Amino acid sequence: EVLAAIGRSWGAVLIYVRARRSVDAWAARLQGAGVPAITYHAGMDPSLRQQALAHFQSQPRPVLVATVAFGMGVDRPDVGLVLHLDLPASVEGYLQESGRAGRDGGPAECLVLFDPADRTSLGWAMRAAGRGAEGQGMEAERQRLELAQRQLRRMETVAEGEDCREQALLLAMGELVPPCGRCDRCRARQLGAEPRQDWSEQACQLLELLGERQGRALRSVVEELAREDGSDESRWAWLARRLVEEELVSESDDGTQRLYLKPTGQGYLRQPWPLHWAA
């Protein structure tokens with residue numbers, strides 16, 4: 001899917017990943033597939049960063065893999081693809097980064113591809129960043145962590161929701177707009193290609209598991225459910241996120257992604273109703 005997206009782009013390609021090592025790894029993978037990707041991150045020698053920037057600004061269709069530090073002050077109007085290979089940490093950050101696409105008014109695409117486990121690794125990274133704080137610093141760090149978790153959940157809602165992408169992004173920023181008619185969700189509705197199914201049976205399985213033991217980590221829950229029915233873990237992780245959005249399940253704010261059955265979830269188990277979603 002990454003190569004297909006790059007092939008569709010009419011202009012420059014900007015690929016964002018979270019970690020420096022991922023920048024180098026993805027660039028190597030793309031180069032191995034015949035894509036002349038270049039890298040940019042803070043761990044590079046300043047002269048090499050300048051070379052990468054000059055290459056990105058001057059070449060007709062460059063492909064650059066970078067951390068989110070890249071882009072400030074860069075004004076190339078014909079970016080045809082902004083591709084995120086990790087879940088962005090916030091809606092605000094994603095809007096800034098994706099906003100670098102199509103500034104010339106030409107066709108452009110913004111795409112986010114991520115593994116459900118990506119949320120867990122980001123949560124642990126957030127917690128690790130706050131270790132060692134004491135006193136007032138500990139309280140400030142706790143507040144920072146809770147804010148980061150709320151921002152991440154808003155981004156998850158956009159990435160995994162069924163509504164218009166633009167509508168969901170701007171709603172997260174407090175702005176109400178009609179569906180854009182251009183995103184993947186809108187096009188699917190226009191084509192009538194968005195099959196919906198009832199997820200109530202699977203929802204009860206997940207809720208019953210939490211009822212047996214509160215505070216289980218998301219990864220542990222999805223691994224057990226996927227092992228029981230032989231399905232893909234990503235579908236159970238997606239369902240868990242939907243149940244959080246439906247206020248049937250709550251999630252811890254400490255970065256560990258521990259799940260808790262809410263009273264509304266207990267009520268759902270007593271009297272389930274259909275949950276029709278596209279997936």
# chains A, B, ... in the order shown; residues from 1 in each chain; ligands from 1
>>> residues_around(residues="stretch 158-165 of chain A", least_positions_apart="5", cutoff="6 Å", atoms="only C-alpha atoms", output="number ranges by chain")
A: 179, 185-186
>>> select_by_dssp(residues="stretch 142-195 of chain A", states="helix (DSSP H, G or I)", output="number ranges by chain")
A: 142-160, 165-172, 184-191
>>> residues_around(residues="A:Ala4", least_positions_apart="3", cutoff="12 Å", atoms="only C-alpha atoms", output="list of chain:residue names")
A:Glu1, A:Gly7, A:Arg8, A:Ser9, A:Leu30, A:Ala33, A:Val35, A:Leu81, A:Leu83, A:Glu109, A:Leu111
>>> write_last_selection(atoms="N, CA and C atoms", output="mmCIF file, in the first residue's frame")
data_model
loop_
_atom_site.group_PDB
_atom_site.id
_atom_site.type_symbol
_atom_site.label_atom_id
_atom_site.label_comp_id
_atom_site.auth_asym_id
_atom_site.auth_seq_id
_atom_site.Cartn_x
_atom_site.Cartn_y
_atom_site.Cartn_z
ATOM 1 N N GLU A 1 0.820 -1.210 0.000
ATOM 2 C CA GLU A 1 0.000 0.000 0.000
ATOM 3 C C GLU A 1 0.857 1.265 0.000
ATOM 4 N N GLY A 7 3.322 5.688 -5.861
ATOM 5 C CA GLY A 7 3.145 5.651 -7.309
ATOM 6 C C GLY A 7 2.018 6.540 -7.798
ATOM 7 N N ARG A 8 1.005 6.775 -6.953
ATOM 8 C CA ARG A 8 -0.122 7.633 -7.354
ATOM 9 C C ARG A 8 0.217 9.115 -7.297
ATOM 10 N N SER A 9 1.258 9.468 -6.569
ATOM 11 C CA SER A 9 1.545 10.882 -6.330
ATOM 12 C C SER A 9 2.110 11.556 -7.574
ATOM 13 N N LEU A 30 12.325 1.226 1.210
ATOM 14 C CA LEU A 30 11.898 1.852 -0.042
ATOM 15 C C LEU A 30 13.006 1.804 -1.087
ATOM 16 N N ALA A 33 13.136 -1.363 -2.730
ATOM 17 C CA ALA A 33 12.032 -1.556 -3.681
ATOM 18 C C ALA A 33 12.175 -0.656 -4.904
ATOM 19 N N VAL A 35 12.724 2.729 -4.855
ATOM 20 C CA VAL A 35 12.310 4.116 -4.629
ATOM 21 C C VAL A 35 13.491 4.883 -4.030
ATOM 22 N N LEU A 81 1.775 13.871 -1.767
ATOM 23 C CA LEU A 81 1.415 12.834 -0.799
ATOM 24 C C LEU A 81 2.081 13.133 0.532
ATOM 25 N N LEU A 83 2.278 11.020 3.910
ATOM 26 C CA LEU A 83 1.989 9.672 4.394
ATOM 27 C C LEU A 83 2.525 9.505 5.811
ATOM 28 N N GLU A 109 -2.879 13.703 -1.759
ATOM 29 C CA GLU A 109 -3.456 12.671 -0.896
ATOM 30 C C GLU A 109 -2.768 12.700 0.462
ATOM 31 N N LEU A 111 -2.538 10.199 3.841
ATOM 32 C CA LEU A 111 -2.837 8.820 4.208
ATOM 33 C C LEU A 111 -2.158 8.481 5.531
#
>>> select_by_dssp(residues="stretch 87-278 of chain A", states="strand (DSSP E)", output="ChimeraX atom specification")
/A:109-112,196-198,216-217,249-251,258-261,276-278
>>> closest_atom_pairs(of="stretch 145-196 of chain A", to="stretch 237-253 of chain A", cutoff="8 Å", atoms="only C-alpha atoms", output="CSV")
residue,atom,partner,partner_atom,distance
A:Leu145,CA,A:Asp253,CA,7.6
A:Glu146,CA,A:Asp253,CA,5.5
A:Gln149,CA,A:Asp253,CA,6.1
A:Arg150,CA,A:Asp253,CA,7.9
A:Glu156,CA,A:Arg241,CA,8.0
A:Thr157,CA,A:Glu245,CA,7.6
A:Glu160,CA,A:Trp238,CA,7.3
>>> residues_around(residues="A:Gln151", least_positions_apart="3", cutoff="6 Å", atoms="only C-alpha atoms", output="ChimeraX atom specification")
/A:90,148,154
>>> atom_distance(atom1="atom CA of A:Arg20", atom2="atom CA of A:Ala37")
14.8 Å
>>> residues_around(residues="A:Gln50", least_positions_apart="3", cutoff="12 Å", atoms="only C-alpha atoms", output="number ranges by chain")
A: 38-42, 44-47, 53-57, 70, 74
>>> write_last_selection(atoms="N, CA and C atoms", output="tab-separated table (two decimals), in the first residue's frame")
chain	number	residue	atom	x	y	z
A	38	ILE	N	15.11	9.52	0.56
A	38	ILE	CA	16.15	10.15	1.36
A	38	ILE	C	15.61	10.35	2.78
A	39	THR	N	16.49	10.65	3.72
A	39	THR	CA	16.10	10.73	5.13
A	39	THR	C	16.37	12.11	5.71
A	40	TYR	N	15.62	12.41	6.79
A	40	TYR	CA	15.83	13.66	7.52
A	40	TYR	C	15.38	13.45	8.96
A	41	HIS	N	16.32	13.61	9.90
A	41	HIS	CA	15.96	13.60	11.32
A	41	HIS	C	17.07	14.29	12.11
A	42	ALA	N	16.78	14.59	13.36
A	42	ALA	CA	17.68	15.39	14.18
A	42	ALA	C	18.99	14.69	14.50
A	44	MET	N	20.94	13.27	12.39
A	44	MET	CA	21.86	13.35	11.26
A	44	MET	C	22.80	14.54	11.42
A	45	ASP	N	23.95	14.46	10.78
A	45	ASP	CA	24.88	15.59	10.75
A	45	ASP	C	24.18	16.79	10.10
A	46	PRO	N	24.37	18.01	10.63
A	46	PRO	CA	23.70	19.19	10.06
A	46	PRO	C	23.92	19.35	8.56
A	47	SER	N	25.12	19.04	8.08
A	47	SER	CA	25.38	19.18	6.64
A	47	SER	C	24.54	18.20	5.83
A	53	LEU	N	17.38	18.57	2.72
A	53	LEU	CA	16.42	19.65	2.52
A	53	LEU	C	16.55	20.23	1.12
A	54	ALA	N	17.79	20.46	0.66
A	54	ALA	CA	18.00	21.00	-0.68
A	54	ALA	C	17.48	20.03	-1.74
A	55	HIS	N	17.70	18.74	-1.52
A	55	HIS	CA	17.21	17.73	-2.45
A	55	HIS	C	15.68	17.76	-2.51
A	56	PHE	N	15.05	17.81	-1.36
A	56	PHE	CA	13.59	17.83	-1.31
A	56	PHE	C	13.02	19.07	-1.99
A	57	GLN	N	13.69	20.19	-1.84
A	57	GLN	CA	13.20	21.44	-2.42
A	57	GLN	C	13.42	21.53	-3.92
A	70	PHE	N	10.60	17.62	10.72
A	70	PHE	CA	10.77	18.18	9.38
A	70	PHE	C	9.51	18.91	8.94
A	74	VAL	N	9.51	24.89	5.70
A	74	VAL	CA	9.62	24.32	4.35
A	74	VAL	C	8.33	24.63	3.60
>>> atom_distance(atom1="atom CA of A:Val221", atom2="atom CA of A:Trp236")
8.3 Å
>>> closest_residue(among="A:Ala217, A:Leu225, A:Ala66, A:Leu206", to="A:Leu269", atoms="only C-alpha atoms")
A:Leu206
>>> residues_around(residues="A:Asp104", least_positions_apart="6", cutoff="12 Å", atoms="only C-alpha atoms", output="compact mmCIF listing (two decimals) with C-alpha atoms, in the first residue's frame")
# COMPACT_ATOMS: atom_id res chain seq x y z
CA TRP A 10 2.07 13.56 -8.97
CA GLY A 11 4.43 15.58 -6.81
CA ALA A 12 6.81 15.38 -3.90
CA ASP A 75 7.26 25.65 1.71
CA ARG A 76 7.16 23.34 -1.27
CA PRO A 77 3.74 23.85 -2.89
CA ASP A 78 3.52 20.66 -4.97
CA VAL A 79 3.61 17.98 -2.26
CA GLY A 80 1.38 15.28 -3.72
>>> closest_residue(among="A:Ala101, A:Cys110, A:Val23, A:Ile6", to="A:Val68", atoms="only C-alpha atoms")
A:Val23
>>> atom_distance(atom1="atom CA of A:Ser200", atom2="atom CA of A:Gly267")
13.2 Å
>>> closest_residue(among="A:Ala278, A:Leu210, A:Ala25, A:Val222", to="A:Pro263", atoms="only C-alpha atoms")
A:Leu210
